[in-house]
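Q: My structure is stored as final_34.cif, with mmCIF, C-alpha atoms.
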data_entry
loop_
_atom_site.label_atom_id
_atom_site.label_comp_id
_atom_site.auth_asym_id
_atom_site.auth_seq_id
_atom_site.Cartn_x
_atom_site.Cartn_y
_atom_site.Cartn_z
CA MET A 1 42.06 89.59 112.34
CA ALA A 2 41.93 92.64 114.58
CA THR A 3 38.80 94.03 112.92
CA GLU A 4 37.20 90.64 112.88
CA THR A 5 37.56 90.15 116.62
CA ALA A 6 36.73 93.74 117.38
CA ALA A 7 33.50 93.49 115.39
CA ALA A 8 32.57 90.19 117.01
CA HIS A 9 33.13 91.53 120.49
CA GLY A 10 31.58 94.88 119.71
CA GLU A 11 28.26 93.09 119.23
CA GLU A 12 28.68 91.23 122.49
CA GLY A 13 29.39 94.51 124.29
CA GLY A 14 31.80 95.06 127.13
CA LEU A 15 35.48 94.29 127.20
CA VAL A 16 36.44 90.89 125.91
CA PHE A 17 40.07 90.13 125.29
CA HIS A 18 41.22 87.39 123.01
CA PRO A 19 44.86 88.39 122.52
CA MET A 20 45.94 84.86 121.68
CA ASP A 21 43.41 84.24 118.91
CA GLN A 22 45.81 85.66 116.35
CA PHE A 23 48.13 82.71 116.92
CA ILE A 24 45.56 79.99 116.15
CA VAL A 25 46.57 77.66 113.34
CA LYS A 26 43.62 77.18 110.97
CA PRO A 27 43.18 75.37 107.69
CA LEU A 28 43.24 77.84 104.84
CA PHE A 29 40.52 76.03 102.89
CA GLY A 30 37.46 74.62 104.68
CA ASP A 31 37.10 73.81 108.34
CA GLY A 32 38.55 70.32 108.47
CA ALA A 33 41.08 68.94 110.88
CA VAL A 34 44.66 70.16 110.80
CA HIS A 35 46.76 67.24 109.56
CA TRP A 36 50.50 67.49 109.01
CA TYR A 37 49.99 68.10 105.29
CA THR A 38 47.03 70.51 105.59
CA ILE A 39 47.58 73.91 104.00
CA THR A 40 47.06 76.28 106.92
CA ASN A 41 47.52 79.95 107.57
CA ALA A 42 51.01 79.03 108.82
CA THR A 43 51.71 77.51 105.39
CA LEU A 44 50.45 80.67 103.69
CA TRP A 45 52.68 83.02 105.67
CA MET A 46 55.70 80.78 105.36
CA ALA A 47 55.12 80.68 101.60
CA LEU A 48 54.82 84.47 101.56
CA ALA A 49 58.16 84.66 103.37
CA VAL A 50 59.72 82.43 100.70
CA ILE A 51 58.22 84.60 97.95
CA ALA A 52 59.45 87.80 99.62
CA ILE A 53 62.95 86.36 100.04
CA PHE A 54 62.91 85.21 96.41
CA ALA A 55 61.82 88.68 95.29
CA LEU A 56 64.55 90.42 97.26
CA MET A 57 67.45 88.05 96.80
CA VAL A 58 66.79 86.78 93.26
CA LEU A 59 64.50 89.15 91.35
CA ALA A 60 66.02 92.36 92.72
CA THR A 61 69.56 91.18 91.94
CA SER A 62 68.71 89.80 88.47
CA ARG A 63 70.38 92.72 86.66
CA ARG A 64 73.70 92.01 88.44
CA ALA A 65 74.39 95.71 88.18
CA THR A 66 77.78 97.09 89.18
CA ILE A 67 75.91 100.19 90.32
CA PRO A 68 73.09 98.53 92.26
CA SER A 69 69.41 99.43 92.31
CA LYS A 70 67.67 99.98 95.67
CA GLY A 71 66.53 96.36 95.89
CA GLN A 72 69.94 95.01 94.95
CA SER A 73 71.56 97.30 97.54
CA ILE A 74 69.34 95.85 100.26
CA ALA A 75 70.12 92.29 99.14
CA GLU A 76 73.85 93.09 99.14
CA LEU A 77 73.51 94.73 102.53
CA ALA A 78 71.83 91.60 103.95
CA TYR A 79 74.54 89.44 102.38
CA GLY A 80 77.36 91.59 103.77
CA PHE A 81 75.69 91.85 107.19
CA VAL A 82 75.35 88.09 107.70
CA TYR A 83 78.64 87.21 105.97
CA LYS A 84 80.58 89.59 108.19
CA MET A 85 78.77 88.27 111.25
CA VAL A 86 79.71 84.67 110.42
CA GLU A 87 83.29 85.65 109.63
CA ASP A 88 83.79 87.86 112.69
CA VAL A 89 81.97 85.80 115.29
CA ALA A 90 82.41 82.19 114.16
CA GLY A 91 85.72 82.61 112.37
CA LYS A 92 86.96 82.48 108.80
CA ASP A 93 86.72 78.68 108.62
CA ALA A 94 82.98 78.92 109.37
CA VAL A 95 82.08 80.57 106.05
CA GLY A 96 80.99 77.14 104.81
CA PHE A 97 78.02 77.54 107.15
CA PHE A 98 77.19 80.95 105.68
CA PRO A 99 74.30 79.78 103.43
CA TYR A 100 72.80 77.93 106.39
CA VAL A 101 73.07 80.93 108.72
CA MET A 102 71.78 83.20 105.96
CA THR A 103 68.75 80.91 105.52
CA LEU A 104 67.94 81.16 109.22
CA PHE A 105 68.40 84.94 109.29
CA MET A 106 66.35 85.61 106.16
CA PHE A 107 63.52 83.34 107.29
CA ILE A 108 63.31 84.84 110.77
CA VAL A 109 63.60 88.45 109.69
CA PHE A 110 61.00 88.06 106.93
CA ALA A 111 58.62 86.02 109.08
CA ASN A 112 58.91 88.66 111.84
CA PHE A 113 58.25 91.58 109.52
CA LEU A 114 55.42 89.83 107.61
CA GLY A 115 53.93 89.05 111.02
CA LEU A 116 53.75 92.79 111.71
CA LEU A 117 51.28 93.31 108.87
CA PRO A 118 47.74 93.71 110.20
CA MET A 119 45.62 90.50 109.95
CA SER A 120 48.74 88.42 109.35
CA PHE A 121 49.89 85.26 111.05
CA THR A 122 53.29 85.32 112.70
CA THR A 123 55.00 81.99 112.11
CA THR A 124 57.95 82.81 114.38
CA SER A 125 55.61 83.33 117.34
CA HIS A 126 55.15 79.56 117.52
CA PHE A 127 57.40 77.35 119.59
CA ALA A 128 56.88 74.63 117.00
CA VAL A 129 58.83 76.79 114.56
CA THR A 130 61.49 78.23 116.85
CA VAL A 131 62.16 74.90 118.55
CA VAL A 132 62.87 73.31 115.17
CA LEU A 133 65.18 76.19 114.24
CA ALA A 134 67.00 76.05 117.58
CA LEU A 135 67.25 72.25 117.57
CA ALA A 136 68.63 72.34 114.04
CA VAL A 137 71.38 74.71 115.23
CA PHE A 138 71.98 72.63 118.35
CA LEU A 139 72.24 69.37 116.43
CA THR A 140 74.44 70.92 113.74
CA VAL A 141 76.82 72.32 116.33
CA THR A 142 76.95 69.10 118.36
CA ILE A 143 77.33 66.71 115.43
CA TYR A 144 79.79 68.91 113.54
CA GLY A 145 81.73 69.59 116.76
CA PHE A 146 82.23 65.86 117.38
CA MET A 147 82.97 65.15 113.71
CA LYS A 148 85.61 67.83 113.46
CA ASN A 149 87.22 67.63 116.90
CA GLY A 150 86.34 64.12 118.09
CA SER A 151 86.61 63.76 121.84
CA LYS A 152 88.38 67.12 122.07
CA PHE A 153 84.94 68.68 121.66
CA LEU A 154 84.30 67.65 125.28
CA GLY A 155 87.00 70.17 126.23
CA LEU A 156 84.18 72.67 125.90
CA PHE A 157 82.93 71.40 129.28
CA TRP A 158 86.32 71.02 130.95
CA VAL A 159 87.49 74.51 131.89
CA SER A 160 91.25 73.92 131.88
CA SER A 161 92.00 77.48 133.03
CA ALA A 162 90.11 76.98 136.33
CA PRO A 163 91.68 75.41 139.48
CA LEU A 164 91.45 71.61 139.40
CA PRO A 165 89.00 71.09 142.28
CA LEU A 166 86.55 73.51 140.65
CA ARG A 167 86.60 71.84 137.26
CA PRO A 168 84.05 69.03 137.89
CA ILE A 169 81.57 71.55 139.26
CA LEU A 170 82.15 73.86 136.34
CA ALA A 171 81.80 70.90 133.99
CA ILE A 172 78.32 70.21 135.35
CA ILE A 173 77.37 73.86 135.01
CA GLU A 174 78.76 74.00 131.49
CA LEU A 175 76.91 70.82 130.55
CA ILE A 176 73.61 72.15 131.86
CA SER A 177 74.13 75.49 130.09
CA TYR A 178 74.96 73.65 126.88
CA PHE A 179 71.69 71.72 126.94
CA VAL A 180 69.69 74.78 127.96
CA ARG A 181 70.94 76.60 124.85
CA PRO A 182 68.27 75.31 122.42
CA VAL A 183 65.57 76.04 124.99
CA SER A 184 66.62 79.64 125.56
CA HIS A 185 67.44 80.04 121.89
CA SER A 186 63.91 79.09 120.83
CA ILE A 187 61.86 80.61 123.66
CA ARG A 188 63.66 83.97 123.37
CA LEU A 189 62.52 84.43 119.77
CA ALA A 190 58.97 83.08 120.03
CA GLY A 191 58.45 84.70 123.45
CA ASN A 192 59.49 88.16 122.31
CA VAL A 193 57.40 88.08 119.16
CA MET A 194 54.34 86.56 120.83
CA ALA A 195 54.41 88.94 123.81
CA GLY A 196 54.59 92.03 121.60
CA HIS A 197 51.74 90.88 119.40
CA ALA A 198 49.60 89.92 122.38
CA VAL A 199 50.18 93.29 124.08
CA ILE A 200 49.14 95.11 120.92
CA LYS A 201 45.96 93.02 120.82
CA VAL A 202 45.21 93.81 124.48
CA PHE A 203 45.59 97.53 123.78
CA ALA A 204 43.31 97.07 120.77
CA GLY A 205 40.72 95.49 123.08
CA PHE A 206 40.69 98.64 125.23
CA ALA A 207 39.90 100.71 122.14
CA ALA A 208 36.29 99.47 122.44
CA ILE A 209 35.81 102.08 125.18
CA ALA A 210 35.40 105.44 123.43
CA VAL A 211 37.09 107.47 126.18
CA ILE A 212 40.18 105.31 126.32
CA SER A 213 40.47 104.67 122.60
CA PRO A 214 42.81 107.63 121.78
CA VAL A 215 45.22 106.50 124.50
CA SER A 216 44.84 102.97 123.23
CA ILE A 217 45.69 103.96 119.67
CA VAL A 218 48.76 105.92 120.81
CA ALA A 219 49.84 102.92 122.86
CA ILE A 220 49.36 100.58 119.89
CA THR A 221 51.43 102.90 117.70
CA ALA A 222 54.24 103.07 120.25
CA MET A 223 54.11 99.31 120.76
CA TYR A 224 54.18 98.75 117.01
CA GLY A 225 57.32 100.86 116.74
CA LEU A 226 58.92 98.78 119.46
CA GLU A 227 57.82 95.61 117.69
CA VAL A 228 59.51 96.72 114.46
CA LEU A 229 62.70 97.03 116.47
CA VAL A 230 62.13 93.68 118.17
CA ALA A 231 61.46 91.98 114.82
CA PHE A 232 64.93 92.86 113.59
CA ILE A 233 66.79 92.56 116.89
CA GLN A 234 65.44 89.08 117.59
CA ALA A 235 66.44 87.89 114.13
CA TYR A 236 69.87 89.41 114.72
CA VAL A 237 70.18 87.84 118.18
CA PHE A 238 69.14 84.42 116.90
CA THR A 239 71.68 84.62 114.09
CA ILE A 240 74.57 85.90 116.16
CA LEU A 241 73.94 83.22 118.82
CA THR A 242 74.00 80.64 116.03
CA CYS A 243 77.41 82.01 115.05
CA VAL A 244 78.62 81.90 118.66
CA TYR A 245 77.55 78.26 118.95
CA LEU A 246 79.20 77.44 115.62
CA LYS A 247 82.42 78.93 116.96
CA ASP A 248 82.23 76.44 119.84
CA ALA A 249 81.90 73.60 117.36
CA LEU A 250 84.90 74.82 115.34
CA HIS A 251 87.13 75.89 118.21
CA PRO A 252 86.12 74.13 121.47
CA GLY A 253 87.82 75.25 124.65
CA HIS A 254 87.85 78.58 126.40
CA MET B 1 46.04 75.09 129.17
CA ALA B 2 45.30 74.26 125.58
CA THR B 3 47.25 71.04 125.73
CA ALA B 4 45.10 69.54 128.41
CA GLN B 5 41.97 70.43 126.53
CA GLY B 6 43.37 69.49 123.15
CA ASP B 7 44.43 66.10 124.45
CA GLY B 8 41.19 65.54 126.29
CA LEU B 9 38.82 66.48 123.49
CA ALA B 10 38.46 64.86 120.15
CA ASP B 11 40.36 66.50 117.30
CA ALA B 12 37.20 67.64 115.52
CA THR B 13 35.83 69.30 118.65
CA GLY B 14 39.06 71.20 119.16
CA VAL B 15 39.04 72.43 115.60
CA ALA B 16 35.40 73.46 115.80
CA GLU B 17 36.14 75.42 118.93
CA HIS B 18 39.16 77.11 117.31
CA ALA B 19 37.13 77.93 114.24
CA ALA B 20 34.66 79.69 116.50
CA GLY B 21 37.43 82.13 117.28
CA SER B 22 38.39 81.47 120.88
CA ALA B 23 41.15 79.26 122.09
CA PRO B 24 41.69 78.75 125.76
CA GLY B 25 45.31 79.32 126.69
CA MET B 26 48.16 79.50 124.26
CA PRO B 27 47.68 78.16 120.73
CA GLN B 28 51.46 77.70 120.75
CA LEU B 29 51.07 74.81 123.16
CA ASN B 30 48.41 73.02 121.14
CA PHE B 31 50.64 70.15 120.11
CA ASP B 32 48.05 68.92 117.59
CA HIS B 33 49.29 71.62 115.24
CA TRP B 34 53.00 71.08 115.73
CA GLY B 35 53.31 68.42 113.06
CA ASN B 36 51.73 70.68 110.48
CA GLN B 37 53.92 73.66 111.33
CA ILE B 38 57.11 71.60 111.51
CA PHE B 39 56.39 69.99 108.16
CA TRP B 40 55.76 73.28 106.41
CA LEU B 41 58.67 74.92 108.20
CA ILE B 42 61.05 72.27 106.88
CA VAL B 43 59.64 72.72 103.37
CA THR B 44 60.09 76.49 103.72
CA LEU B 45 63.64 76.27 105.04
CA VAL B 46 64.69 73.83 102.32
CA ALA B 47 63.16 76.12 99.69
CA ILE B 48 64.92 79.19 101.11
CA TYR B 49 68.19 77.27 101.43
CA PHE B 50 68.13 76.25 97.78
CA ILE B 51 67.08 79.69 96.57
CA LEU B 52 69.92 81.27 98.54
CA SER B 53 72.71 78.73 98.07
CA ARG B 54 72.02 77.96 94.39
CA VAL B 55 71.03 81.33 92.99
CA ALA B 56 71.11 84.36 95.26
CA LEU B 57 74.35 84.01 97.23
CA PRO B 58 76.65 83.05 94.32
CA ARG B 59 75.14 85.84 92.27
CA ILE B 60 75.58 88.51 94.96
CA SER B 61 79.06 87.22 95.72
CA ALA B 62 79.96 87.49 92.00
CA VAL B 63 78.50 90.99 91.78
CA LEU B 64 80.46 92.13 94.84
CA ALA B 65 83.69 90.57 93.53
CA GLU B 66 83.14 92.15 90.12
CA ARG B 67 82.51 95.53 91.71
CA ALA B 68 85.65 95.25 93.82
CA GLY B 69 87.58 94.32 90.66
CA THR B 70 86.12 97.24 88.73
CA ILE B 71 86.99 99.66 91.50
CA THR B 72 90.56 98.33 91.73
CA ASN B 73 90.96 98.57 87.95
CA ASP B 74 89.55 102.07 87.87
CA ILE B 75 91.90 103.20 90.61
CA ALA B 76 94.84 101.64 88.75
CA ALA B 77 93.75 103.31 85.50
CA ALA B 78 93.38 106.63 87.28
CA GLU B 79 96.88 106.32 88.72
CA ASP B 80 98.21 105.43 85.29
CA LEU B 81 96.57 108.49 83.76
CA LYS B 82 97.89 110.66 86.57
CA ARG B 83 101.42 109.36 85.93
CA LYS B 84 101.02 110.05 82.21
CA ALA B 85 99.82 113.56 82.93
CA GLN B 86 102.83 114.15 85.15
CA GLU B 87 105.13 112.83 82.44
CA ALA B 88 103.51 115.12 79.89
CA GLU B 89 103.90 118.03 82.26
CA ALA B 90 107.57 117.20 82.77
CA ALA B 91 108.09 116.96 78.99
CA TYR B 92 106.36 120.30 78.55
CA GLU B 93 108.52 121.91 81.23
CA LYS B 94 111.63 120.48 79.62
CA ALA B 95 110.61 121.74 76.18
CA LEU B 96 109.94 125.14 77.67
CA ALA B 97 113.34 125.22 79.38
CA ASP B 98 115.06 124.07 76.18
CA ALA B 99 113.30 126.74 74.17
CA ARG B 100 114.35 129.36 76.70
CA VAL B 101 117.98 128.23 76.54
CA GLU B 102 117.82 128.23 72.73
CA ALA B 103 116.31 131.70 72.69
CA ASN B 104 119.01 133.00 75.04
CA LYS B 105 121.66 131.46 72.84
CA ILE B 106 120.16 133.09 69.74
CA VAL B 107 119.99 136.42 71.53
CA ALA B 108 123.65 136.12 72.58
CA ASP B 109 124.76 135.08 69.09
CA THR B 110 122.88 137.91 67.48
CA ARG B 111 124.29 140.38 69.94
CA ALA B 112 127.87 139.16 69.25
CA GLU B 113 127.27 139.36 65.50
CA ILE B 114 125.91 142.87 65.73
CA GLN B 115 128.80 143.85 67.98
CA ALA B 116 131.31 142.44 65.46
CA ASP B 117 129.63 144.30 62.58
CA LEU B 118 129.55 147.40 64.65
CA ASP B 119 133.23 147.10 65.57
CA LYS B 120 134.16 146.54 61.94
CA ALA B 121 132.12 149.51 60.80
CA THR B 122 133.61 151.67 63.57
CA ALA B 123 137.15 150.69 62.58
CA LYS B 124 136.42 151.45 58.94
CA ALA B 125 134.89 154.75 59.81
CA ASP B 126 137.85 155.57 62.07
CA ALA B 127 140.27 154.74 59.22
CA GLU B 128 138.30 156.92 56.81
CA ILE B 129 138.20 159.73 59.30
CA ALA B 130 141.95 159.42 59.85
CA ALA B 131 142.58 159.47 56.08
CA LYS B 132 140.31 162.47 55.63
CA ALA B 133 142.07 164.26 58.52
CA ALA B 134 145.51 163.60 57.04
CA GLU B 135 144.32 164.88 53.69
CA GLY B 136 142.90 167.96 55.31
CA GLU B 137 146.13 168.61 57.22
CA LYS B 138 148.10 168.25 54.04
CA ALA B 139 145.77 170.70 52.32
CA ILE B 140 146.09 173.09 55.26
CA ALA B 141 149.91 172.79 55.13
CA GLU B 142 149.88 173.52 51.42
CA ILE B 143 147.60 176.44 51.91
CA ARG B 144 149.82 177.71 54.72
CA ALA B 145 152.97 177.38 52.56
CA ASN B 146 151.29 179.20 49.72
CA ALA B 147 150.15 181.88 52.11
CA LEU B 148 153.74 182.42 53.42
CA GLU B 149 155.02 182.72 49.93
CA ASN B 150 152.32 185.18 49.08
CA ILE B 151 153.02 187.12 52.25
CA GLU B 152 156.66 187.46 51.21
CA VAL B 153 155.68 188.72 47.74
CA VAL B 154 153.08 191.07 49.20
CA ALA B 155 155.58 192.32 51.82
CA LYS B 156 158.25 193.07 49.15
CA ASP B 157 155.73 194.78 46.92
CA THR B 158 154.33 196.75 49.82
CA ALA B 159 157.83 197.72 51.01
CA GLU B 160 158.82 198.87 47.47
CA ALA B 161 155.58 200.83 47.16
CA VAL B 162 156.12 202.47 50.58
CA ILE B 163 159.70 203.40 49.68
CA THR B 164 158.68 204.77 46.29
CA SER B 165 155.91 206.85 47.80
CA LEU B 166 158.42 208.36 50.24
CA GLY B 167 160.32 209.63 47.25
CA PHE B 168 163.20 207.26 47.25
CA THR B 169 164.24 204.99 44.48
CA ALA B 170 163.69 201.50 45.64
CA ASP B 171 166.53 199.08 45.14
CA ALA B 172 164.69 195.85 44.47
CA LYS B 173 167.48 193.58 45.64
CA ALA B 174 168.09 195.46 48.87
CA VAL B 175 164.37 195.45 49.65
CA ASP B 176 164.10 191.75 49.01
CA ALA B 177 167.03 191.04 51.25
CA ALA B 178 165.66 193.28 53.99
CA VAL B 179 162.15 191.74 53.82
CA THR B 180 163.50 188.21 53.83
CA SER B 181 165.74 188.91 56.82
CA ARG B 182 162.79 190.53 58.67
CA MET B 183 160.46 187.72 57.96
CA LYS B 184 162.96 185.19 59.31
CA GLY B 185 163.48 187.27 62.38
#
Could you spell out this file's structure in structure tokens?
A:
Amino acid sequence: MATETAAAHGEEGGLVFHPMDQFIVKPLFGDGAVHWYTITNATLWMALAVIAIFALMVLATSRRATIPSKGQSIAELAYGFVYKMVEDVAGKDAVGFFPYVMTLFMFIVFANFLGLLPMSFTTTSHFAVTVVLALAVFLTVTIYGFMKNGSKFLGLFWVSSAPLPLRPILAIIELISYFVRPVSHSIRLAGNVMAGHAVIKVFAGFAAIAVISPVSIVAITAMYGLEVLVAFIQAYVFTILTCVYLKDALHPGH
Amino acid sequence: MATAQGDGLADATGVAEHAAGSAPGMPQLNFDHWGNQIFWLIVTLVAIYFILSRVALPRISAVLAERAGTITNDIAAAEDLKRKAQEAEAAYEKALADARVEANKIVADTRAEIQADLDKATAKADAEIAAKAAEGEKAIAEIRANALENIEVVAKDTAEAVITSLGFTADAKAVDAAVTSRMKG
């Protein structure tokens, strides 16, 4: 996509920035309208994420070797990483949620890294995606919390360790913070990914000026390195926050 | 923002404009595309969930458990072998000590035997020597007795000869008596 835009704007001359064009959802075949079932570039990159996850987690582990190959080692590392996170943060009784948390982590980390390929489409840069992920966590935590603890789940909002007159005020604050969770949870991921990609595209726009282009390329390289870090860290943050919220559902109270 | 425009314009116009390669504002807030993304996201998540929960996670879990089991078994086997080696070493040491004791005993026995033989031989030799010595003494005594007798005879003969040469007639009996008395004296 970068070359495409660069070429288009090169003909126009001058500096034209379209840093957000990379996020446009387009039908993959033809130019028709985007219906809910249309196969779009978002569909393509989500499918590629599924294929990549399948390749790593199923094909690479197919030998079930006691002495693992490189691929199997990475798959085992991912398994151990998320499993330990769920166990340590959410508690031992939360391991039933491990496949669910693992699904979220694998999707986000693969979508982030696939999004770093040039010309690719980053599915996790869209609020449509992250809001669904965050809402799924929010609803899971809320529904499971009430199912498991009944009305005791409301103890999450009633800070029994605080002095009595403060408790109603704290309850309001806790309630607001509880409902802000899915918002921050989703915007943090999409915002980080989108901002990084947009900044790279802005630097790329400056490369049209011959004098600035070396600086621009160095800046893109540095930014790309940062984005690699962000891609993993944001997946990690999303997953660990999911575990923290699950802990609230399992063990409400402070 | 894109929403305002997306809502205001017909769907087809919006798409045409996007296809041209420039979207005003954030494409993320073009809610026309949310349905599409949410639908495909749910399909994706369900697919990943089934891949992971049905195939990948049980498999990796089994591999990890198997590996842990193998390692535990290997460590146990190694400890077993180590214990066996120590036992073998102890048995070897014991055999060595036994052999040493046995050897010492044999040495002592042999020494005692040799000593006994030696003592016996010494005693026998001593007895023989004593017998030989007694015999010798007896022979010496005999020889001495003979010699005394001979001396007496020689003395008488010599005395007679001396007397005769001096011109006297030797009285044999008187000479004998004189020689015998002298020899006793």
Q: For chain A against chain B, which residues fall within 9 Å using only C-alpha atoms, given as a ChimeraX atom specification?
A: /A:5,18,20-26,31-40,42-43,46-47,49-50,53-54,57-58,61-62,64-67,72,75-76,79,99-100,102-104,106-107,123,125-129,132-133
Q: For the atom pair CA of His185 (chain A) and CA of Thr242 (chain A), what is the interatomic distance in Å to one decimal place?
A: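 Result for CA of His185 (chain A) versus CA of Thr242 (chain A): 8.8 Å, one decimal.
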Q: Tell me, as an MDAnalysis selection string, which residues lie within 12 Å of Gly196 (chain A), counting all atoms listed in the file; anything in the same chain fewer than 6 positions away does not count.
A: chainID A and resid 19:20 112 115:116 122 125 189:190 202:203 219:231 234
Q: Tell me, as a list in words, which residues lie within 8 Å of Lys201 (chain A), counting only C-alpha atoms; anything in the same chain fewer than 2 positions away does not count.
A: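 Neighbouring residues, sequence-local ones excluded: Ala2, Phe17, His18, Pro19, His197, Ala198, Val199, Phe203, Ala204 and Gly205 of chain A.
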Q: Put those residues in a file: C-alpha atoms, as a tab-separated table (two decimals), in the frame of the given file.
A:
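selection-v4.tsv written:
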chain	number	residue	atom	x	y	z
A	2	ALA	CA	41.93	92.64	114.58
A	17	PHE	CA	40.07	90.13	125.29
A	18	HIS	CA	41.22	87.39	123.01
A	19	PRO	CA	44.86	88.39	122.52
A	197	HIS	CA	51.74	90.88	119.40
A	198	ALA	CA	49.60	89.92	122.38
A	199	VAL	CA	50.18	93.29	124.08
A	203	PHE	CA	45.59	97.53	123.78
A	204	ALA	CA	43.31	97.07	120.77
A	205	GLY	CA	40.72	95.49	123.08
Q: Report the distance between CA of Ser69 (chain A) and CA of Ala52 (chain A) in Å, rounded to one decimal place.
A: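 Distance between the two atoms: 17.0 Å.
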Q: Find the distance between CA of Ile240 (chain A) and CA of Gly155 (chain A) and write it in Å to one decimal.
A: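 Computing the Euclidean distance for CA of Ile240 (chain A) and CA of Gly155 (chain A) yields 22.4 Å.
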Q: Kindly reconstruct region 141-153 of chain A with N, CA and C atoms and present the result as a tab-separated table (two decimals), keeping the file's coordinate frame.
A:
chain	number	residue	atom	x	y	z
A	141	VAL	N	75.63	71.99	115.55
A	141	VAL	CA	76.82	72.32	116.33
A	141	VAL	C	77.37	71.07	117.00
A	142	THR	N	76.49	70.28	117.62
A	142	THR	CA	76.95	69.10	118.36
A	142	THR	C	77.57	68.08	117.42
A	143	ILE	N	76.84	67.75	116.34
A	143	ILE	CA	77.33	66.71	115.43
A	143	ILE	C	78.60	67.18	114.74
A	144	TYR	N	78.60	68.41	114.24
A	144	TYR	CA	79.79	68.91	113.54
A	144	TYR	C	80.97	69.03	114.50
A	145	GLY	N	80.68	69.46	115.75
A	145	GLY	CA	81.73	69.59	116.76
A	145	GLY	C	82.42	68.26	117.00
A	146	PHE	N	81.64	67.19	117.14
A	146	PHE	CA	82.23	65.86	117.38
A	146	PHE	C	82.93	65.34	116.13
A	147	MET	N	82.36	65.63	114.95
A	147	MET	CA	82.97	65.15	113.71
A	147	MET	C	84.32	65.81	113.47
A	148	LYS	N	84.38	67.08	113.77
A	148	LYS	CA	85.61	67.83	113.46
A	148	LYS	C	86.67	67.63	114.53
A	149	ASN	N	86.24	67.64	115.82
A	149	ASN	CA	87.22	67.63	116.90
A	149	ASN	C	87.30	66.30	117.64
A	150	GLY	N	86.37	65.38	117.36
A	150	GLY	CA	86.34	64.12	118.09
A	150	GLY	C	86.10	64.37	119.57
A	151	SER	N	86.84	63.64	120.39
A	151	SER	CA	86.61	63.76	121.84
A	151	SER	C	87.09	65.10	122.38
A	152	LYS	N	87.91	65.80	121.61
A	152	LYS	CA	88.38	67.12	122.07
A	152	LYS	C	87.22	68.10	122.23
A	153	PHE	N	86.11	67.80	121.56
A	153	PHE	CA	84.94	68.68	121.66
A	153	PHE	C	84.45	68.75	123.10
